[in-house]
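Take a look at the structure below.
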Protein chains: 2
Amino acid sequence: MINTSYKAMLGGKSVIRQLSEYATARKAQVGADHVYDFSLGNPSVPTAPEFTEAMLDLYAHDDPVALHGYSPSLGITQVREAVAASLNQRFGMNYTYEHIFMTSGAAGALSHALRAVTKPGDEVVTFAPYFPEYHPYVEGTGAILRVVEPGEHFQINFDALERTLNPNVTAVLINTPNNPSGVVYSDATLTKLAAILSAKQTEYGHDIFLISDEPYREIVFDGQNQPYPSKYYANTLSCYSFSKSLSLPGERIGYVAAHPQCTDALLIAPICGQISRGTGHNCPPSSIQLGVARVLDKTSDLRVYETNMNLLYDALTDIGFSVERPGGTFYIFPKALEADANAFCMKAKDYDLILVPSDSFGCPGYFRMAYCTTTELVERTIPVLRKFAHEQYGL
Amino acid sequence: MINTSYKAMLGGKSVIRQLSEYATARKAQVGADHVYDFSLGNPSVPTAPEFTEAMLDLYAHDDPVALHGYSPSLGITQVREAVAASLNQRFGMNYTYEHIFMTSGAAGALSHALRAVTKPGDEVVTFAPYFPEYHPYVEGTGAILRVVEPGEHFQINFDALERTLNPNVTAVLINTPNNPSGVVYSDATLTKLAAILSAKQTEYGHDIFLISDEPYREIVFDGQNQPYPSKYYANTLSCYSFSKSLSLPGERIGYVAAHPQCTDALLIAPICGQISRGTGHNCPPSSIQLGVARVLDKTSDLRVYETNMNLLYDALTDIGFSVERPGGTFYIFPKALEADANAFCMKAKDYDLILVPSDSFGCPGYFRMAYCTTTELVERTIPVLRKFAHEQYGL
């Protein structure tokens, strides 16, 4: 008998995915140039040439039996060592390979990290707006997702956080730079968050792990750096993906890095390995592990995202939208021009503008644009946005 | 707080893995040539050159944005179409891409298939001897694994099966060619199994899915073919991995093929996609999907496994072991020379013979040898086996 709970989930198809499918169909109708598709967070720039060169070299010169052989279930040791060394050099940490667990992208990293430090019935706190897939990641563990309402400039609303924290909370899930808002948590935000969580750990008499979702770590604007959350709070599991930095979303490669001073630091990776046994994940592909290990400090040419952000932010502001200027990612999250963001995005579709309403991000009344597109598309989109805002909302 | 149930699993390290680690350490001590390591099922022959050529071509000539872009969560449509076409041509099936779900190897395939058709508390029946990881796969779904004792020649013991079946059983899990016995289920076995399951479905008034674990499908000896279990029973989910046929165990690539006439046939793949959302699996790597799709009907040069099997089978029989002749795989499963297979394998270690005792396969008193090694190693091992059997057991 088909499992009815999974069957029931089939109706709940992602809004983003639905819009992306609509956009694809519409492009076939009217031509790709006439659809202004900002639905999907799929990187638009090629991977770093050094990654392609590394893979060509591995395929051309390595012993295929070793190249494609079983990876240990925690990841290939030399790859884990390389990840630790790269993080240590960049952020002044003291990871060893034993703190690193290789995963199938950030989805795999978050799913393992959440299972490692929660048990069914626990509560996991996150902050609106948040990536909608946090629901299946958290609920797949048997835990309950609690959402804290947005703070000013989409930093953390600490009053709301303190109201939400309770002794059932065993993990707090953050995402900075943030999808969908593009906001980067400041040093002040991370410092205060760490202080509150430390105090609550003492008050409750148990650990509260900070699970830090960091796939946009390298896409930060204005020459800034993303403050590294693990520097602020010892009980942090840093969850990473190479999907955005190296434009490899299809290759499913990332990691969990357990802070060397977190509780049971040397058990996190082995426990993640045990979790894998039951879910059938095992480990990311061996050749891709070996390939990324050679280019850990490289990225794709990410400059287009900042160019696109500046063009869009200036245009949206000029048109009259209320919008927070993104500090990173390839998303922007303006306020819709009417209270119902779904209605707003439906009207935009009549202009072939594909915008994602914000309800599924837990923050009604906004919309997300994924500007991982060509700059030329952004430039062609601006007059269409202007026309839409003028004709529909008199701006 | 670390999840204590996963923490408890850490003690239960796989016997196979422990022996393999011992063998690696011992090789460092005395030299690789002096350790007769038959512990791990890691293919010893390189992948098909056509796979390497396909990957080099993809990396050299494909648009990297498309090559490494997000795969749909059910797999890349053209890859699913190619898998369906290959199975149809080979086995006279009528799959379409909609019946195929791409997975991270057989582990991913089994974990998804089991979750799709069972619910927590259901019972899943399998047959001794069985692959020890069936425990985490089945228990990870919340179902209970019931084991049927071995039949003659390691075919199915149908009396024992009928005693084990009950209305809580919603899935039966088979593995042919079998790890560890090397036995291939005959046409008669599969015909009778299908008849019993069909009758029980009627009696219980609900589906019983046959989950068929087929990573050794292409490693069959004496010019025979493995009968395709899906041809015998409509409610079959065929779970495949390219790990053994193409020597790609580290690349984590396989699929579930839902029989087009099974219950809710068109829902199986989408439901597997929903399962992925909660486990963080998502889909296998895009480039590897595209690579294997180009070489679906190729295999590594698998002949060494048959050569090794014949040498080992003849020698073991000659020495005086009681052993079933394998019809496929790269395993052989002789009876130990004393009742306690653990004690037997411990004594063998003194001869640097690394043999796996059978207890974790649910079938005490036997041992497994994985002869995915060079023929030269097999030839050098035979006198050592002979010496061991003579000195320890007087054969």
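Letters A, B, ... mark the chains of the structure tokens in the order given; residue numbers begin at 1 per chain; ligand numbers begin at 1, in order shown.
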Please identify every residue of chain B that has at least one atom no farther than 7 Å from an atom of chain A, counting only C-alpha atoms, and for each give the shortest atom pair and the distance in Å to one decimal, arranged by chain then increasing number, as a Markdown table.
| residue | atom | partner | partner_atom | distance |
| --- | --- | --- | --- | --- |
| B:Met1 | CA | A:Asp207 | CA | 5.2 |
| B:Ile2 | CA | A:Val117 | CA | 4.4 |
| B:Asn3 | CA | A:Val117 | CA | 5.2 |
| B:Tyr6 | CA | A:Ile271 | CA | 5.9 |
| B:Lys7 | CA | A:Ile271 | CA | 6.0 |
| B:Met9 | CA | A:Gln274 | CA | 6.7 |
| B:Leu10 | CA | A:Ile271 | CA | 6.9 |
| B:Asn42 | CA | A:Gly69 | CA | 6.9 |
| B:Ser44 | CA | A:Val65 | CA | 6.6 |
| B:Val45 | CA | A:Val65 | CA | 6.6 |
| B:Pro46 | CA | A:Val65 | CA | 5.0 |
| B:Thr47 | CA | A:Pro64 | CA | 6.4 |
| B:Thr52 | CA | A:Tyr59 | CA | 6.4 |
| B:Leu56 | CA | A:Leu56 | CA | 6.1 |
| B:Tyr59 | CA | A:Thr52 | CA | 6.4 |
| B:Pro64 | CA | A:Pro46 | CA | 5.5 |
| B:Val65 | CA | A:Pro46 | CA | 5.0 |
| B:His68 | CA | A:Gly250 | CA | 4.9 |
| B:Gly69 | CA | A:Gly250 | CA | 4.7 |
| B:Tyr70 | CA | A:Gly250 | CA | 4.0 |
| B:Ser71 | CA | A:Gly250 | CA | 5.4 |
| B:Ser104 | CA | A:His281 | CA | 6.5 |
| B:Ala107 | CA | A:Gly280 | CA | 4.5 |
| B:Gly108 | CA | A:Gly280 | CA | 4.2 |
| B:Ser111 | CA | A:Gly280 | CA | 5.4 |
| B:Ala116 | CA | A:Asn3 | CA | 5.4 |
| B:Val117 | CA | A:Ile2 | CA | 4.4 |
| B:Thr118 | CA | A:Asn3 | CA | 5.7 |
| B:Lys119 | CA | A:Asn3 | CA | 5.8 |
| B:Pro136 | CA | A:Gly278 | CA | 4.7 |
| B:Tyr137 | CA | A:Gly278 | CA | 4.9 |
| B:Gly140 | CA | A:Gly278 | CA | 4.5 |
| B:Thr170 | CA | A:Met1 | CA | 6.7 |
| B:His206 | CA | A:Met1 | CA | 6.6 |
| B:Asp207 | CA | A:Met1 | CA | 5.2 |
| B:Leu248 | CA | A:His68 | CA | 5.0 |
| B:Pro249 | CA | A:Tyr70 | CA | 5.2 |
| B:Gly250 | CA | A:Tyr70 | CA | 4.0 |
| B:Glu251 | CA | A:Pro285 | CA | 4.1 |
| B:Arg252 | CA | A:Pro285 | CA | 5.7 |
| B:Ile271 | CA | A:Tyr6 | CA | 5.9 |
| B:Gln274 | CA | A:Tyr6 | CA | 6.3 |
| B:Ile275 | CA | A:Tyr6 | CA | 6.8 |
| B:Arg277 | CA | A:Pro136 | CA | 5.9 |
| B:Gly278 | CA | A:Gly140 | CA | 4.5 |
| B:Thr279 | CA | A:Ser111 | CA | 5.9 |
| B:Gly280 | CA | A:Gly108 | CA | 4.2 |
| B:His281 | CA | A:Gly108 | CA | 5.9 |
| B:Pro285 | CA | A:Glu251 | CA | 4.1 |
| B:Ser286 | CA | A:Gly250 | CA | 4.9 |
| B:Ser287 | CA | A:Glu251 | CA | 6.8 |
Practice prompt. Considering only C-alpha atoms, return as a PyMOL selection string whatever protein or nucleic-acid residues lie within 10 Å of Asp33 (chain B), sequence-local ones (same chain, fewer than 4 positions apart) excluded.
Written response: chain B and resi 27+37+377+380
Go ahead and write the selection's residues with C-alpha atoms as a short mmCIF file (atom, residue, chain, number, x, y, z; two decimals), in the first residue's frame.
data_model
loop_
_atom_site.label_atom_id
_atom_site.label_comp_id
_atom_site.auth_asym_id
_atom_site.auth_seq_id
_atom_site.Cartn_x
_atom_site.Cartn_y
_atom_site.Cartn_z
CA LYS B 27 48.76 -4.71 5.02
CA ASP B 37 41.77 -9.81 1.98
CA LEU B 377 45.48 -13.01 -5.38
CA ARG B 380 48.07 -17.23 -4.10
#
Discussion item. Which residues are close to Ser186 (chain A), i.e. within 8 Å by only C-alpha atoms, leaving aside same-chain residues fewer than 2 positions away? Reply as a list in words.
Written reply: Gln155, Val184, Ala188, Thr189, Leu190 and Pro227 of chain A
Keeping all heavy atoms for every residue in the selection just given, could you write it to a file as an mmCIF file, in the first residue's frame?
data_model
loop_
_atom_site.group_PDB
_atom_site.id
_atom_site.type_symbol
_atom_site.label_atom_id
_atom_site.label_comp_id
_atom_site.auth_asym_id
_atom_site.auth_seq_id
_atom_site.Cartn_x
_atom_site.Cartn_y
_atom_site.Cartn_z
ATOM 1 N N GLN A 155 17.017 41.727 10.097
ATOM 2 C CA GLN A 155 17.907 41.145 11.105
ATOM 3 C C GLN A 155 17.002 40.399 12.101
ATOM 4 O O GLN A 155 15.789 40.330 11.907
ATOM 5 C CB GLN A 155 18.728 42.248 11.803
ATOM 6 C CG GLN A 155 19.658 43.017 10.865
ATOM 7 C CD GLN A 155 20.884 42.215 10.410
ATOM 8 O OE1 GLN A 155 21.446 41.434 11.170
ATOM 9 N NE2 GLN A 155 21.275 42.394 9.149
ATOM 10 N N VAL A 184 22.445 40.008 5.164
ATOM 11 C CA VAL A 184 23.566 39.362 5.843
ATOM 12 C C VAL A 184 23.479 39.712 7.325
ATOM 13 O O VAL A 184 23.360 40.894 7.675
ATOM 14 C CB VAL A 184 24.905 39.866 5.253
ATOM 15 C CG1 VAL A 184 26.090 39.266 6.007
ATOM 16 C CG2 VAL A 184 24.995 39.532 3.766
ATOM 17 N N ALA A 188 26.796 42.462 15.112
ATOM 18 C CA ALA A 188 25.960 42.730 16.303
ATOM 19 C C ALA A 188 24.867 41.675 16.452
ATOM 20 O O ALA A 188 24.591 41.204 17.563
ATOM 21 C CB ALA A 188 25.343 44.134 16.194
ATOM 22 N N THR A 189 24.238 41.300 15.353
ATOM 23 C CA THR A 189 23.174 40.293 15.395
ATOM 24 C C THR A 189 23.711 38.958 15.892
ATOM 25 O O THR A 189 23.125 38.323 16.781
ATOM 26 C CB THR A 189 22.544 40.132 14.001
ATOM 27 O OG1 THR A 189 21.860 41.345 13.669
ATOM 28 C CG2 THR A 189 21.570 38.965 13.953
ATOM 29 N N LEU A 190 24.846 38.542 15.331
ATOM 30 C CA LEU A 190 25.391 37.230 15.711
ATOM 31 C C LEU A 190 25.896 37.238 17.153
ATOM 32 O O LEU A 190 25.764 36.235 17.868
ATOM 33 C CB LEU A 190 26.499 36.814 14.737
ATOM 34 C CG LEU A 190 25.991 36.478 13.324
ATOM 35 C CD1 LEU A 190 27.162 36.330 12.344
ATOM 36 C CD2 LEU A 190 25.152 35.188 13.332
ATOM 37 N N PRO A 227 30.215 37.514 8.287
ATOM 38 C CA PRO A 227 30.771 37.026 9.567
ATOM 39 C C PRO A 227 30.481 35.532 9.694
ATOM 40 O O PRO A 227 29.376 35.091 9.354
ATOM 41 C CB PRO A 227 30.017 37.834 10.631
ATOM 42 C CG PRO A 227 29.389 38.987 9.917
ATOM 43 C CD PRO A 227 29.172 38.547 8.501
#
Discussion item. List the spatial neighbours of Glu338 (chain B) as a count of residues only - criterion: any atom at most 10 Å away, only C-alpha atoms, same-chain residues fewer than 5 positions off excluded.
Written reply: 6
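Across the structure, CA of Ala269 (chain B) and CA of Leu87 (chain B) are spaced 16.3 Å apart.
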Item to complete: Do a neighbour search on His390 (chain A) at 12 Å with only C-alpha atoms, toss out local chain neighbours closer than 3 positions, and write the hits as a list of chain:residue names.
Response: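 So, after excluding close chain neighbours, the residues are A:Ile319, A:Gly320, A:Phe321, A:Leu337, A:Ala348, A:Pro383, A:Val384, A:Leu385, A:Arg386, A:Lys387, A:Tyr393, A:Gly394, A:Leu395.
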Worksheet item: Suppose you want the space between CA of Lys347 (chain A) and CA of Asp318 (chain A); what is it in Å?
Response: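 CA of Asp318 (chain A) lies at a distance of 20.5 Å from CA of Lys347 (chain A).
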Worksheet item: If you run DSSP on the backbone, which residues of region 133-333 of chain B are strand (DSSP E), as number ranges by chain?
Response: B: 144-148, 169-175, 209-213, 236-241, 254-258, 331-332
Just the residues within 8 Å of Ala257 (chain B), please, counting only C-alpha atoms, with nothing from its chain fewer than 6 positions along; format it as a PDB file with all heavy atoms, in the first residue's frame.
ATOM      1  N   TYR B  95       8.023   0.255 -19.430  1.00  0.00           N
ATOM      2  CA  TYR B  95       8.258   1.437 -18.593  1.00  0.00           C
ATOM      3  C   TYR B  95       8.220   2.711 -19.452  1.00  0.00           C
ATOM      4  O   TYR B  95       8.613   2.694 -20.615  1.00  0.00           O
ATOM      5  CB  TYR B  95       9.658   1.390 -17.951  1.00  0.00           C
ATOM      6  CG  TYR B  95       9.916   0.283 -16.955  1.00  0.00           C
ATOM      7  CD1 TYR B  95      10.834  -0.723 -17.235  1.00  0.00           C
ATOM      8  CD2 TYR B  95       9.299   0.283 -15.712  1.00  0.00           C
ATOM      9  CE1 TYR B  95      11.121  -1.721 -16.311  1.00  0.00           C
ATOM     10  CE2 TYR B  95       9.583  -0.711 -14.777  1.00  0.00           C
ATOM     11  CZ  TYR B  95      10.489  -1.700 -15.078  1.00  0.00           C
ATOM     12  OH  TYR B  95      10.780  -2.686 -14.159  1.00  0.00           O
ATOM     13  N   HIS B  99       7.965   6.041 -14.634  1.00  0.00           N
ATOM     14  CA  HIS B  99       8.123   4.933 -13.678  1.00  0.00           C
ATOM     15  C   HIS B  99       9.514   4.893 -13.049  1.00  0.00           C
ATOM     16  O   HIS B  99       9.782   4.043 -12.206  1.00  0.00           O
ATOM     17  CB  HIS B  99       7.853   3.593 -14.373  1.00  0.00           C
ATOM     18  CG  HIS B  99       6.494   3.520 -14.998  1.00  0.00           C
ATOM     19  ND1 HIS B  99       6.289   3.566 -16.359  1.00  0.00           N
ATOM     20  CD2 HIS B  99       5.266   3.459 -14.439  1.00  0.00           C
ATOM     21  CE1 HIS B  99       4.982   3.509 -16.612  1.00  0.00           C
ATOM     22  NE2 HIS B  99       4.342   3.453 -15.468  1.00  0.00           N
ATOM     23  N   ILE B 100      10.401   5.756 -13.510  1.00  0.00           N
ATOM     24  CA  ILE B 100      11.803   5.680 -13.094  1.00  0.00           C
ATOM     25  C   ILE B 100      12.112   6.836 -12.144  1.00  0.00           C
ATOM     26  O   ILE B 100      11.807   7.995 -12.435  1.00  0.00           O
ATOM     27  CB  ILE B 100      12.749   5.775 -14.318  1.00  0.00           C
ATOM     28  CG1 ILE B 100      12.342   4.774 -15.417  1.00  0.00           C
ATOM     29  CG2 ILE B 100      14.211   5.599 -13.886  1.00  0.00           C
ATOM     30  CD1 ILE B 100      12.406   3.320 -15.032  1.00  0.00           C
ATOM     31  N   PHE B 101      12.730   6.513 -11.016  1.00  0.00           N
ATOM     32  CA  PHE B 101      13.190   7.515 -10.048  1.00  0.00           C
ATOM     33  C   PHE B 101      14.688   7.322  -9.863  1.00  0.00           C
ATOM     34  O   PHE B 101      15.134   6.239  -9.463  1.00  0.00           O
ATOM     35  CB  PHE B 101      12.448   7.320  -8.717  1.00  0.00           C
ATOM     36  CG  PHE B 101      12.932   8.227  -7.619  1.00  0.00           C
ATOM     37  CD1 PHE B 101      12.645   9.580  -7.642  1.00  0.00           C
ATOM     38  CD2 PHE B 101      13.686   7.721  -6.552  1.00  0.00           C
ATOM     39  CE1 PHE B 101      13.102  10.426  -6.627  1.00  0.00           C
ATOM     40  CE2 PHE B 101      14.135   8.559  -5.537  1.00  0.00           C
ATOM     41  CZ  PHE B 101      13.839   9.912  -5.584  1.00  0.00           C
ATOM     42  N   LEU B 237       8.954  -3.264  -7.323  1.00  0.00           N
ATOM     43  CA  LEU B 237       9.818  -2.098  -7.477  1.00  0.00           C
ATOM     44  C   LEU B 237      11.242  -2.622  -7.636  1.00  0.00           C
ATOM     45  O   LEU B 237      11.795  -3.220  -6.710  1.00  0.00           O
ATOM     46  CB  LEU B 237       9.718  -1.175  -6.255  1.00  0.00           C
ATOM     47  CG  LEU B 237       8.308  -0.729  -5.854  1.00  0.00           C
ATOM     48  CD1 LEU B 237       8.395   0.250  -4.662  1.00  0.00           C
ATOM     49  CD2 LEU B 237       7.556  -0.088  -7.010  1.00  0.00           C
ATOM     50  N   SER B 238      11.805  -2.414  -8.817  1.00  0.00           N
ATOM     51  CA  SER B 238      13.150  -2.895  -9.115  1.00  0.00           C
ATOM     52  C   SER B 238      14.152  -1.826  -8.700  1.00  0.00           C
ATOM     53  O   SER B 238      14.081  -0.688  -9.154  1.00  0.00           O
ATOM     54  CB  SER B 238      13.235  -3.175 -10.621  1.00  0.00           C
ATOM     55  OG  SER B 238      14.563  -3.455 -10.989  1.00  0.00           O
ATOM     56  N   CYS B 239      15.070  -2.200  -7.803  1.00  0.00           N
ATOM     57  CA  CYS B 239      16.039  -1.245  -7.258  1.00  0.00           C
ATOM     58  C   CYS B 239      17.422  -1.585  -7.802  1.00  0.00           C
ATOM     59  O   CYS B 239      17.916  -2.694  -7.601  1.00  0.00           O
ATOM     60  CB  CYS B 239      16.045  -1.326  -5.727  1.00  0.00           C
ATOM     61  SG  CYS B 239      14.475  -0.805  -5.021  1.00  0.00           S
TER      62      CYS B 239
END
Discussion item. What does the structure give for the distance between CA of Tyr97 (chain A) and CA of Val292 (chain A), in Å to one decimal?
Written reply: 15.4 Å
Discussion item. Env of Thr24 (chain B): 12 Å cut, atoms = only C-alpha atoms, seq-sep filter 2 positions within chain, self excluded. Answer as a list of chain:residue names.
Written reply: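 Near Thr24 (chain B), the qualifying residues are B:Arg17, B:Gln18, B:Leu19, B:Ser20, B:Glu21, B:Tyr22, B:Arg26, B:Lys27, B:Ala28, B:Gln29, B:Val30, B:Gly31, B:Ala32, B:Asp33, B:His34, B:Val35, B:Tyr36, B:Asp37, B:Phe38, B:Ser39, B:Leu40, B:Asp352, B:Ile354.
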Would you put the residues from that selection into a file with N, CA, C and O atoms, as a JSON list (two decimals), in the first residue's frame?
[["chain", "number", "residue", "atom", "x", "y", "z"],
["B", 17, "ARG", "N", 33.10, -3.85, 7.80],
["B", 17, "ARG", "CA", 33.93, -2.66, 7.85],
["B", 17, "ARG", "C", 35.09, -2.84, 8.83],
["B", 17, "ARG", "O", 36.22, -2.47, 8.55],
["B", 18, "GLN", "N", 34.82, -3.47, 9.99],
["B", 18, "GLN", "CA", 35.88, -3.70, 10.98],
["B", 18, "GLN", "C", 36.98, -4.59, 10.43],
["B", 18, "GLN", "O", 38.17, -4.32, 10.60],
["B", 19, "LEU", "N", 36.54, -5.65, 9.72],
["B", 19, "LEU", "CA", 37.52, -6.57, 9.15],
["B", 19, "LEU", "C", 38.33, -5.88, 8.06],
["B", 19, "LEU", "O", 39.54, -6.08, 7.94],
["B", 20, "SER", "N", 37.65, -5.06, 7.27],
["B", 20, "SER", "CA", 38.34, -4.35, 6.20],
["B", 20, "SER", "C", 39.38, -3.40, 6.79],
["B", 20, "SER", "O", 40.50, -3.28, 6.27],
["B", 21, "GLU", "N", 39.01, -2.74, 7.89],
["B", 21, "GLU", "CA", 39.96, -1.82, 8.52],
["B", 21, "GLU", "C", 41.14, -2.59, 9.11],
["B", 21, "GLU", "O", 42.29, -2.15, 9.02],
["B", 22, "TYR", "N", 40.85, -3.76, 9.71],
["B", 22, "TYR", "CA", 41.93, -4.60, 10.21],
["B", 22, "TYR", "C", 42.87, -4.99, 9.07],
["B", 22, "TYR", "O", 44.11, -4.91, 9.20],
["B", 26, "ARG", "N", 46.79, -4.29, 8.71],
["B", 26, "ARG", "CA", 47.69, -5.44, 8.63],
["B", 26, "ARG", "C", 48.57, -5.35, 7.37],
["B", 26, "ARG", "O", 49.76, -5.69, 7.41],
["B", 27, "LYS", "N", 47.98, -4.86, 6.27],
["B", 27, "LYS", "CA", 48.76, -4.71, 5.02],
["B", 27, "LYS", "C", 49.90, -3.72, 5.24],
["B", 27, "LYS", "O", 51.00, -3.90, 4.71],
["B", 28, "ALA", "N", 49.61, -2.66, 6.02],
["B", 28, "ALA", "CA", 50.66, -1.68, 6.29],
["B", 28, "ALA", "C", 51.80, -2.32, 7.09],
["B", 28, "ALA", "O", 52.96, -1.96, 6.93],
["B", 29, "GLN", "N", 51.44, -3.30, 7.94],
["B", 29, "GLN", "CA", 52.45, -3.99, 8.78],
["B", 29, "GLN", "C", 53.31, -4.96, 7.98],
["B", 29, "GLN", "O", 54.54, -4.93, 8.07],
["B", 30, "VAL", "N", 52.63, -5.84, 7.24],
["B", 30, "VAL", "CA", 53.36, -6.99, 6.66],
["B", 30, "VAL", "C", 53.46, -6.92, 5.13],
["B", 30, "VAL", "O", 54.03, -7.82, 4.52],
["B", 31, "GLY", "N", 52.90, -5.87, 4.54],
["B", 31, "GLY", "CA", 52.92, -5.76, 3.07],
["B", 31, "GLY", "C", 51.62, -6.29, 2.48],
["B", 31, "GLY", "O", 51.11, -7.33, 2.91],
["B", 32, "ALA", "N", 51.10, -5.57, 1.48],
["B", 32, "ALA", "CA", 49.79, -5.89, 0.91],
["B", 32, "ALA", "C", 49.77, -7.31, 0.34],
["B", 32, "ALA", "O", 48.74, -7.99, 0.39],
["B", 33, "ASP", "N", 50.92, -7.77, -0.19],
["B", 33, "ASP", "CA", 50.96, -9.09, -0.83],
["B", 33, "ASP", "C", 50.76, -10.24, 0.16],
["B", 33, "ASP", "O", 50.46, -11.36, -0.25],
["B", 34, "HIS", "N", 50.94, -9.95, 1.43],
["B", 34, "HIS", "CA", 50.89, -11.03, 2.42],
["B", 34, "HIS", "C", 49.55, -11.08, 3.16],
["B", 34, "HIS", "O", 49.42, -11.84, 4.12],
["B", 35, "VAL", "N", 48.59, -10.26, 2.75],
["B", 35, "VAL", "CA", 47.27, -10.30, 3.37],
["B", 35, "VAL", "C", 46.27, -10.74, 2.31],
["B", 35, "VAL", "O", 46.23, -10.19, 1.22],
["B", 36, "TYR", "N", 45.48, -11.76, 2.63],
["B", 36, "TYR", "CA", 44.54, -12.36, 1.69],
["B", 36, "TYR", "C", 43.16, -11.81, 2.04],
["B", 36, "TYR", "O", 42.41, -12.42, 2.79],
["B", 37, "ASP", "N", 42.90, -10.61, 1.52],
["B", 37, "ASP", "CA", 41.77, -9.81, 1.98],
["B", 37, "ASP", "C", 40.55, -10.04, 1.08],
["B", 37, "ASP", "O", 40.53, -9.59, -0.06],
["B", 38, "PHE", "N", 39.54, -10.72, 1.62],
["B", 38, "PHE", "CA", 38.31, -10.98, 0.88],
["B", 38, "PHE", "C", 37.12, -10.35, 1.61],
["B", 38, "PHE", "O", 36.01, -10.88, 1.60],
["B", 39, "SER", "N", 37.38, -9.20, 2.25],
["B", 39, "SER", "CA", 36.35, -8.63, 3.13],
["B", 39, "SER", "C", 35.33, -7.78, 2.39],
["B", 39, "SER", "O", 34.13, -7.89, 2.62],
["B", 40, "LEU", "N", 35.78, -6.92, 1.47],
["B", 40, "LEU", "CA", 34.90, -5.85, 0.95],
["B", 40, "LEU", "C", 34.42, -6.11, -0.47],
["B", 40, "LEU", "O", 35.22, -6.54, -1.33],
["B", 352, "ASP", "N", 46.44, -14.63, 8.01],
["B", 352, "ASP", "CA", 46.20, -13.42, 7.21],
["B", 352, "ASP", "C", 45.14, -13.64, 6.13],
["B", 352, "ASP", "O", 45.14, -12.98, 5.09],
["B", 354, "ILE", "N", 41.43, -12.96, 5.39],
["B", 354, "ILE", "CA", 40.38, -12.09, 5.93],
["B", 354, "ILE", "C", 39.04, -12.55, 5.34],
["B", 354, "ILE", "O", 38.70, -12.26, 4.19]]
Discussion item. Quick check for you: according to DSSP on this backbone, which residues of region 20-207 of chain B are classed as helix (DSSP H, G or I)? Reply as a count of residues only.
Written reply: 97
